[in-house]
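Quick look at data_11.txt (compact mmCIF, N, CA and C atoms):
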# COMPACT_ATOMS: atom_id res chain seq x y z
N MET Y 146 40.67 -5.97 -61.06
CA MET Y 146 40.43 -4.55 -60.87
C MET Y 146 39.05 -4.38 -60.22
N LEU Y 147 38.99 -3.52 -59.19
CA LEU Y 147 37.75 -3.30 -58.46
C LEU Y 147 36.89 -2.26 -59.15
N THR Y 148 35.58 -2.44 -59.02
CA THR Y 148 34.66 -1.44 -59.58
C THR Y 148 34.61 -0.23 -58.65
N ILE Y 149 34.09 0.87 -59.15
CA ILE Y 149 33.97 2.10 -58.35
C ILE Y 149 33.06 1.86 -57.15
N GLU Y 150 31.99 1.08 -57.33
CA GLU Y 150 31.06 0.80 -56.22
C GLU Y 150 31.79 0.05 -55.10
N VAL Y 151 32.58 -0.94 -55.44
CA VAL Y 151 33.30 -1.72 -54.44
C VAL Y 151 34.32 -0.83 -53.74
N GLU Y 152 35.04 0.00 -54.49
CA GLU Y 152 36.02 0.90 -53.89
C GLU Y 152 35.34 1.88 -52.93
N MET Y 153 34.18 2.41 -53.30
CA MET Y 153 33.44 3.33 -52.42
C MET Y 153 32.99 2.61 -51.15
N ASN Y 154 32.50 1.38 -51.28
CA ASN Y 154 32.07 0.62 -50.11
C ASN Y 154 33.24 0.36 -49.16
N ILE Y 155 34.40 0.04 -49.71
CA ILE Y 155 35.59 -0.17 -48.89
C ILE Y 155 35.97 1.13 -48.19
N PHE Y 156 35.94 2.24 -48.92
CA PHE Y 156 36.26 3.54 -48.34
C PHE Y 156 35.31 3.87 -47.19
N VAL Y 157 34.01 3.66 -47.40
CA VAL Y 157 33.01 3.95 -46.36
C VAL Y 157 33.24 3.07 -45.14
N MET Y 158 33.52 1.80 -45.34
CA MET Y 158 33.75 0.88 -44.21
C MET Y 158 35.00 1.28 -43.43
N ILE Y 159 36.06 1.66 -44.11
CA ILE Y 159 37.29 2.09 -43.43
C ILE Y 159 37.05 3.38 -42.66
N THR Y 160 36.31 4.32 -43.26
CA THR Y 160 35.99 5.58 -42.59
C THR Y 160 35.19 5.32 -41.32
N ILE Y 161 34.18 4.47 -41.40
CA ILE Y 161 33.36 4.13 -40.23
C ILE Y 161 34.23 3.48 -39.15
N LEU Y 162 35.12 2.60 -39.53
CA LEU Y 162 36.02 1.95 -38.58
C LEU Y 162 36.91 2.98 -37.89
N PHE Y 163 37.47 3.92 -38.64
CA PHE Y 163 38.31 4.97 -38.05
C PHE Y 163 37.51 5.86 -37.10
N ILE Y 164 36.27 6.17 -37.45
CA ILE Y 164 35.43 6.99 -36.58
C ILE Y 164 35.16 6.24 -35.27
N LYS Y 165 34.82 4.96 -35.36
CA LYS Y 165 34.55 4.18 -34.16
C LYS Y 165 35.79 4.06 -33.27
N LYS Y 166 36.96 3.97 -33.86
CA LYS Y 166 38.20 3.85 -33.10
C LYS Y 166 38.69 5.21 -32.60
N GLY Y 167 38.04 6.30 -33.02
CA GLY Y 167 38.43 7.63 -32.56
C GLY Y 167 39.59 8.23 -33.34
N VAL Y 168 40.01 7.57 -34.41
CA VAL Y 168 41.12 8.08 -35.21
C VAL Y 168 40.65 9.27 -36.06
N LEU Y 169 39.45 9.19 -36.55
CA LEU Y 169 38.90 10.24 -37.40
C LEU Y 169 37.64 10.77 -36.75
N LYS Y 170 37.54 12.07 -36.62
CA LYS Y 170 36.36 12.67 -36.00
C LYS Y 170 35.56 13.41 -37.05
N MET Y 171 34.26 13.22 -37.02
CA MET Y 171 33.37 13.92 -37.95
C MET Y 171 33.24 15.37 -37.49
N ALA Y 172 33.05 16.26 -38.43
CA ALA Y 172 32.84 17.67 -38.09
C ALA Y 172 31.55 17.79 -37.28
N GLN Y 173 31.63 18.48 -36.14
CA GLN Y 173 30.46 18.63 -35.30
C GLN Y 173 29.68 19.87 -35.71
N GLU Y 174 28.36 19.74 -35.59
CA GLU Y 174 27.50 20.88 -35.88
C GLU Y 174 27.69 21.94 -34.82
N GLU Y 175 27.64 23.19 -35.22
CA GLU Y 175 27.75 24.30 -34.28
C GLU Y 175 26.49 24.31 -33.41
N LYS Y 176 26.69 24.44 -32.09
CA LYS Y 176 25.55 24.46 -31.17
C LYS Y 176 24.85 25.81 -31.24
N ARG Y 177 23.56 25.77 -31.03
CA ARG Y 177 22.74 26.97 -30.98
C ARG Y 177 23.13 27.79 -29.76
N VAL Y 178 23.17 29.13 -29.91
CA VAL Y 178 23.55 30.03 -28.83
C VAL Y 178 22.30 30.58 -28.15
N VAL Y 179 22.28 30.53 -26.83
CA VAL Y 179 21.15 31.01 -26.03
C VAL Y 179 21.67 32.09 -25.09
N VAL Y 180 20.92 33.17 -24.94
CA VAL Y 180 21.26 34.24 -24.00
C VAL Y 180 20.61 33.91 -22.66
N PRO Y 181 21.40 33.78 -21.59
CA PRO Y 181 20.81 33.42 -20.30
C PRO Y 181 20.02 34.58 -19.68
N MET Y 182 19.01 34.22 -18.91
CA MET Y 182 18.25 35.23 -18.17
C MET Y 182 19.05 35.61 -16.93
N ILE Y 183 19.06 36.92 -16.62
CA ILE Y 183 19.78 37.38 -15.44
C ILE Y 183 18.89 38.26 -14.58
N ASN Y 184 19.30 38.41 -13.32
CA ASN Y 184 18.64 39.31 -12.38
C ASN Y 184 19.76 39.99 -11.60
N VAL Y 185 19.74 41.32 -11.57
CA VAL Y 185 20.78 42.08 -10.86
C VAL Y 185 20.10 42.98 -9.82
N ASN Y 186 20.55 42.87 -8.57
CA ASN Y 186 20.02 43.68 -7.46
C ASN Y 186 21.15 44.16 -6.58
N HIS Y 187 20.90 45.26 -5.86
CA HIS Y 187 21.83 45.68 -4.81
C HIS Y 187 21.71 44.67 -3.68
N ASN Y 188 22.82 44.39 -3.00
CA ASN Y 188 22.74 43.47 -1.86
C ASN Y 188 22.04 44.18 -0.69
N SER Y 189 21.77 43.43 0.38
CA SER Y 189 20.99 43.99 1.50
C SER Y 189 21.69 45.15 2.20
N GLY Y 190 23.01 45.19 2.20
CA GLY Y 190 23.74 46.29 2.83
C GLY Y 190 24.01 47.45 1.88
N ASP Y 191 23.56 47.33 0.65
CA ASP Y 191 23.76 48.35 -0.38
C ASP Y 191 25.25 48.63 -0.61
N THR Y 192 26.06 47.55 -0.49
CA THR Y 192 27.51 47.68 -0.68
C THR Y 192 28.01 46.99 -1.95
N GLY Y 193 27.11 46.36 -2.65
CA GLY Y 193 27.51 45.65 -3.85
C GLY Y 193 26.30 45.09 -4.59
N LEU Y 194 26.59 44.26 -5.58
CA LEU Y 194 25.54 43.67 -6.41
C LEU Y 194 25.43 42.18 -6.17
N GLU Y 195 24.20 41.68 -6.25
CA GLU Y 195 23.92 40.26 -6.28
C GLU Y 195 23.36 39.97 -7.67
N ILE Y 196 24.04 39.11 -8.39
CA ILE Y 196 23.66 38.79 -9.76
C ILE Y 196 23.31 37.32 -9.83
N ARG Y 197 22.18 37.01 -10.44
CA ARG Y 197 21.77 35.63 -10.63
C ARG Y 197 21.66 35.37 -12.14
N VAL Y 198 22.30 34.29 -12.58
CA VAL Y 198 22.30 33.94 -13.99
C VAL Y 198 21.72 32.54 -14.14
N ASP Y 199 20.65 32.41 -14.91
CA ASP Y 199 19.99 31.12 -15.13
C ASP Y 199 20.66 30.42 -16.31
N ILE Y 200 21.44 29.38 -16.00
CA ILE Y 200 22.09 28.60 -17.05
C ILE Y 200 21.71 27.12 -16.87
N ALA Y 201 20.40 26.90 -16.85
CA ALA Y 201 19.85 25.55 -16.65
C ALA Y 201 20.40 24.58 -17.68
N GLY Y 202 20.77 23.41 -17.21
CA GLY Y 202 21.28 22.36 -18.09
C GLY Y 202 22.79 22.36 -18.23
N ALA Y 203 23.44 23.44 -17.83
CA ALA Y 203 24.91 23.52 -17.93
C ALA Y 203 25.55 22.87 -16.71
N SER Y 204 26.75 22.35 -16.90
CA SER Y 204 27.50 21.81 -15.78
C SER Y 204 28.42 22.89 -15.21
N LYS Y 205 28.76 22.75 -13.96
CA LYS Y 205 29.65 23.71 -13.31
C LYS Y 205 30.99 23.80 -14.05
N GLU Y 206 31.47 22.66 -14.54
CA GLU Y 206 32.76 22.61 -15.23
C GLU Y 206 32.75 23.36 -16.56
N SER Y 207 31.58 23.53 -17.15
CA SER Y 207 31.51 24.20 -18.45
C SER Y 207 31.38 25.71 -18.34
N VAL Y 208 31.18 26.21 -17.12
CA VAL Y 208 30.93 27.64 -16.93
C VAL Y 208 32.23 28.44 -17.01
N ASP Y 209 32.22 29.50 -17.81
CA ASP Y 209 33.35 30.42 -17.93
C ASP Y 209 32.80 31.82 -17.62
N LEU Y 210 33.25 32.40 -16.51
CA LEU Y 210 32.77 33.70 -16.05
C LEU Y 210 33.94 34.68 -16.03
N ASP Y 211 33.76 35.83 -16.66
CA ASP Y 211 34.78 36.88 -16.68
C ASP Y 211 34.12 38.16 -16.19
N VAL Y 212 34.58 38.69 -15.05
CA VAL Y 212 34.00 39.89 -14.46
C VAL Y 212 34.97 41.05 -14.62
N GLY Y 213 34.48 42.18 -15.13
CA GLY Y 213 35.25 43.41 -15.23
C GLY Y 213 34.61 44.45 -14.33
N GLU Y 214 35.20 45.63 -14.24
CA GLU Y 214 34.64 46.64 -13.34
C GLU Y 214 33.34 47.25 -13.87
N ASN Y 215 33.06 47.08 -15.15
CA ASN Y 215 31.84 47.65 -15.73
C ASN Y 215 30.83 46.61 -16.21
N GLY Y 216 31.17 45.33 -16.13
CA GLY Y 216 30.26 44.31 -16.63
C GLY Y 216 30.84 42.92 -16.49
N PHE Y 217 30.16 41.95 -17.10
CA PHE Y 217 30.65 40.57 -17.05
C PHE Y 217 30.21 39.81 -18.29
N CYS Y 218 30.96 38.76 -18.60
CA CYS Y 218 30.63 37.86 -19.71
C CYS Y 218 30.52 36.44 -19.16
N ILE Y 219 29.57 35.70 -19.69
CA ILE Y 219 29.35 34.33 -19.25
C ILE Y 219 29.22 33.42 -20.46
N LYS Y 220 29.83 32.25 -20.34
CA LYS Y 220 29.71 31.19 -21.34
C LYS Y 220 29.51 29.89 -20.58
N ALA Y 221 28.65 29.02 -21.11
CA ALA Y 221 28.43 27.70 -20.51
C ALA Y 221 27.88 26.79 -21.59
N GLU Y 222 28.09 25.50 -21.42
CA GLU Y 222 27.64 24.52 -22.42
C GLU Y 222 26.64 23.54 -21.82
N THR Y 223 25.68 23.18 -22.64
CA THR Y 223 24.79 22.06 -22.33
C THR Y 223 24.99 21.04 -23.44
N GLU Y 224 24.28 19.95 -23.37
CA GLU Y 224 24.39 18.93 -24.41
C GLU Y 224 23.88 19.45 -25.76
N ASP Y 225 22.82 20.27 -25.73
CA ASP Y 225 22.16 20.68 -26.97
C ASP Y 225 22.46 22.10 -27.44
N PHE Y 226 22.90 22.97 -26.54
CA PHE Y 226 23.15 24.37 -26.90
C PHE Y 226 24.19 24.96 -25.96
N ARG Y 227 24.56 26.21 -26.25
CA ARG Y 227 25.52 26.88 -25.37
C ARG Y 227 25.00 28.26 -25.01
N TYR Y 228 25.30 28.67 -23.79
CA TYR Y 228 24.99 30.02 -23.32
C TYR Y 228 26.20 30.90 -23.63
N ASP Y 229 25.94 32.13 -24.09
CA ASP Y 229 27.05 33.04 -24.40
C ASP Y 229 26.49 34.46 -24.44
N SER Y 230 26.93 35.31 -23.50
CA SER Y 230 26.47 36.69 -23.49
C SER Y 230 27.33 37.54 -22.57
N CYS Y 231 27.29 38.85 -22.80
CA CYS Y 231 27.96 39.82 -21.94
C CYS Y 231 26.95 40.87 -21.49
N TYR Y 232 27.18 41.43 -20.30
CA TYR Y 232 26.25 42.38 -19.72
C TYR Y 232 27.01 43.57 -19.13
N MET Y 233 26.45 44.75 -19.26
CA MET Y 233 26.99 45.96 -18.63
C MET Y 233 26.29 46.13 -17.28
N LEU Y 234 27.03 46.61 -16.29
CA LEU Y 234 26.47 46.87 -14.97
C LEU Y 234 26.24 48.36 -14.79
N GLY Y 235 25.28 48.72 -13.96
CA GLY Y 235 24.95 50.12 -13.71
C GLY Y 235 25.92 50.84 -12.80
N HIS Y 236 26.80 50.09 -12.12
CA HIS Y 236 27.78 50.66 -11.20
C HIS Y 236 29.11 49.95 -11.41
N GLN Y 237 30.21 50.64 -11.20
CA GLN Y 237 31.51 49.99 -11.26
C GLN Y 237 31.68 49.11 -10.03
N VAL Y 238 32.33 47.96 -10.23
CA VAL Y 238 32.51 47.00 -9.14
C VAL Y 238 33.99 46.64 -9.00
N LYS Y 239 34.31 46.04 -7.84
CA LYS Y 239 35.67 45.55 -7.59
C LYS Y 239 35.76 44.13 -8.15
N GLN Y 240 36.17 44.04 -9.39
CA GLN Y 240 36.17 42.76 -10.10
C GLN Y 240 37.00 41.68 -9.41
N GLU Y 241 38.11 42.08 -8.79
CA GLU Y 241 38.99 41.10 -8.15
C GLU Y 241 38.37 40.50 -6.88
N GLU Y 242 37.30 41.10 -6.37
CA GLU Y 242 36.63 40.58 -5.17
C GLU Y 242 35.33 39.84 -5.49
N ALA Y 243 35.08 39.60 -6.77
CA ALA Y 243 33.86 38.88 -7.16
C ALA Y 243 33.92 37.43 -6.68
N LYS Y 244 32.78 36.94 -6.23
CA LYS Y 244 32.65 35.55 -5.79
C LYS Y 244 31.46 34.94 -6.53
N ALA Y 245 31.58 33.68 -6.91
CA ALA Y 245 30.50 33.02 -7.64
C ALA Y 245 30.26 31.63 -7.07
N LYS Y 246 28.98 31.23 -7.07
CA LYS Y 246 28.59 29.91 -6.60
C LYS Y 246 27.57 29.35 -7.58
N PHE Y 247 27.74 28.08 -7.94
CA PHE Y 247 26.85 27.42 -8.90
C PHE Y 247 26.07 26.32 -8.21
N ASP Y 248 24.74 26.34 -8.39
CA ASP Y 248 23.91 25.31 -7.78
C ASP Y 248 22.69 25.06 -8.66
N SER Y 249 22.56 23.84 -9.16
CA SER Y 249 21.39 23.40 -9.92
C SER Y 249 21.01 24.35 -11.05
N GLY Y 250 21.97 24.76 -11.85
CA GLY Y 250 21.69 25.60 -13.01
C GLY Y 250 21.59 27.09 -12.73
N LEU Y 251 21.79 27.49 -11.48
CA LEU Y 251 21.73 28.90 -11.12
C LEU Y 251 23.11 29.35 -10.65
N LEU Y 252 23.67 30.34 -11.33
CA LEU Y 252 24.95 30.91 -10.96
C LEU Y 252 24.69 32.18 -10.17
N LYS Y 253 25.20 32.24 -8.94
CA LYS Y 253 25.03 33.42 -8.09
C LYS Y 253 26.38 34.12 -7.98
N ILE Y 254 26.39 35.41 -8.33
CA ILE Y 254 27.62 36.20 -8.30
C ILE Y 254 27.42 37.33 -7.30
N ALA Y 255 28.38 37.52 -6.40
CA ALA Y 255 28.36 38.64 -5.46
C ALA Y 255 29.62 39.45 -5.71
N VAL Y 256 29.44 40.75 -5.89
CA VAL Y 256 30.59 41.62 -6.17
C VAL Y 256 30.36 42.99 -5.53
N PRO Y 257 31.35 43.49 -4.76
CA PRO Y 257 31.16 44.79 -4.10
C PRO Y 257 31.32 45.96 -5.07
N PHE Y 258 30.69 47.08 -4.71
CA PHE Y 258 30.84 48.30 -5.50
C PHE Y 258 32.27 48.80 -5.38
N LYS Y 259 32.75 49.46 -6.42
CA LYS Y 259 34.08 50.06 -6.40
C LYS Y 259 34.09 51.27 -5.46
N ASP Y 260 33.05 52.10 -5.54
CA ASP Y 260 32.93 53.27 -4.69
C ASP Y 260 31.58 53.22 -3.98
N THR Y 261 31.52 53.83 -2.80
CA THR Y 261 30.25 53.93 -2.09
C THR Y 261 29.30 54.79 -2.91
N LEU Y 262 28.07 54.37 -2.97
CA LEU Y 262 27.09 55.10 -3.77
C LEU Y 262 26.45 56.21 -2.95
N HIS Y 263 26.53 57.41 -3.46
CA HIS Y 263 25.87 58.54 -2.83
C HIS Y 263 25.11 59.29 -3.92
N GLY Y 264 23.85 59.12 -3.92
CA GLY Y 264 23.03 59.82 -4.91
C GLY Y 264 22.20 60.90 -4.24
N HIS Y 265 21.49 61.61 -5.04
CA HIS Y 265 20.59 62.65 -4.55
C HIS Y 265 19.18 62.08 -4.55
N LYS Y 266 18.53 62.06 -3.40
CA LYS Y 266 17.16 61.57 -3.31
C LYS Y 266 16.24 62.58 -3.98
N VAL Y 267 15.43 62.09 -4.86
CA VAL Y 267 14.48 62.95 -5.59
C VAL Y 267 13.09 62.71 -5.02
N THR Y 268 12.40 63.78 -4.70
CA THR Y 268 11.03 63.70 -4.19
C THR Y 268 10.10 63.47 -5.38
N ILE Y 269 9.27 62.47 -5.25
CA ILE Y 269 8.30 62.16 -6.30
C ILE Y 269 7.00 62.87 -6.00
N GLU Y 270 6.51 63.63 -6.94
CA GLU Y 270 5.25 64.38 -6.73
C GLU Y 270 4.07 63.58 -7.24
Could you write out this file's structure as structure tokens?
Amino acid sequence: MLTIEVEMNIFVMITILFIKKGVLKMAQEEKRVVVPMINVNHNSGDTGLEIRVDIAGASKESVDLDVGENGFCIKAETEDFRYDSCYMLGHQVKQEEAKAKFDSGLLKIAVPFKDTLHGHKVTIE
């Protein structure tokens, strides 16, 4: 008959063997969530928005971008943390015409306005 200590050692060795073989996976710690820095500007023709999202450390494959007519949500993963946030836009946009390009941790999004903007110019005194 085996002692409890021997049985525990056998259990630990079998568990380690299963983990190394990929049969058993240890519970992973939840990654810390970081809100990415963004910059939103009208494009040069004043026909849409240029949005820049800083997701340094993330890979292109990990980026998940969802654009709606009033805002957008972004998720991306790095080795140590994950980016996750949503933003409202000041103007409605044509979400189906959004284009995005990722380069060295910077996601550039271009999206046209839904309607032409016509505001009233206010004189500043």
Show which residues sit within 8 Å of segment 196-207 of chain Y, as a count of residues only. Count only N, CA and C atoms, and ignore same-chain residues fewer than 6 positions away. 26
Could you tell me how far atom CA of Pro257 of chain Y sits from atom N of Thr192 of chain Y, in Å to one decimal place?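 We find that atom N of Thr192 of chain Y and atom CA of Pro257 of chain Y lie 6.8 Å from each other.
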Can you work out the spacing between atom CA of Val267 of chain Y and atom C of Gly216 of chain Y in Å, to one decimal? 28.1 Å
Enter the distance from atom C of Val212 of chain Y to atom C of Thr261 of chain Y, in Å, rounded to one decimal.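 Result for atom C of Val212 of chain Y versus atom C of Thr261 of chain Y: 18.9 Å, one decimal.
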At a cut-off of 7 Å, using all atoms listed in the file, what residues contact Val179 of chain Y? Leave out same-chain residues fewer than 2 positions from it and give the result as an MDAnalysis selection string. chainID Y and resid 176:177 181 226:230
Could you save the residues just selected, with N, CA and C atoms, as a PDB file, in the frame of the given file?
ATOM      1  N   LYS Y 176      26.690  24.440 -32.090  1.00  0.00           N
ATOM      2  CA  LYS Y 176      25.550  24.460 -31.170  1.00  0.00           C
ATOM      3  C   LYS Y 176      24.850  25.810 -31.240  1.00  0.00           C
ATOM      4  N   ARG Y 177      23.560  25.770 -31.030  1.00  0.00           N
ATOM      5  CA  ARG Y 177      22.740  26.970 -30.980  1.00  0.00           C
ATOM      6  C   ARG Y 177      23.130  27.790 -29.760  1.00  0.00           C
ATOM      7  N   PRO Y 181      21.400  33.780 -21.590  1.00  0.00           N
ATOM      8  CA  PRO Y 181      20.810  33.420 -20.300  1.00  0.00           C
ATOM      9  C   PRO Y 181      20.020  34.580 -19.680  1.00  0.00           C
ATOM     10  N   PHE Y 226      22.900  22.970 -26.540  1.00  0.00           N
ATOM     11  CA  PHE Y 226      23.150  24.370 -26.900  1.00  0.00           C
ATOM     12  C   PHE Y 226      24.190  24.960 -25.960  1.00  0.00           C
ATOM     13  N   ARG Y 227      24.560  26.210 -26.250  1.00  0.00           N
ATOM     14  CA  ARG Y 227      25.520  26.880 -25.370  1.00  0.00           C
ATOM     15  C   ARG Y 227      25.000  28.260 -25.010  1.00  0.00           C
ATOM     16  N   TYR Y 228      25.300  28.670 -23.790  1.00  0.00           N
ATOM     17  CA  TYR Y 228      24.990  30.020 -23.320  1.00  0.00           C
ATOM     18  C   TYR Y 228      26.200  30.900 -23.630  1.00  0.00           C
ATOM     19  N   ASP Y 229      25.940  32.130 -24.090  1.00  0.00           N
ATOM     20  CA  ASP Y 229      27.050  33.040 -24.400  1.00  0.00           C
ATOM     21  C   ASP Y 229      26.490  34.460 -24.440  1.00  0.00           C
ATOM     22  N   SER Y 230      26.930  35.310 -23.500  1.00  0.00           N
ATOM     23  CA  SER Y 230      26.470  36.690 -23.490  1.00  0.00           C
ATOM     24  C   SER Y 230      27.330  37.540 -22.570  1.00  0.00           C
TER      25      SER Y 230
END
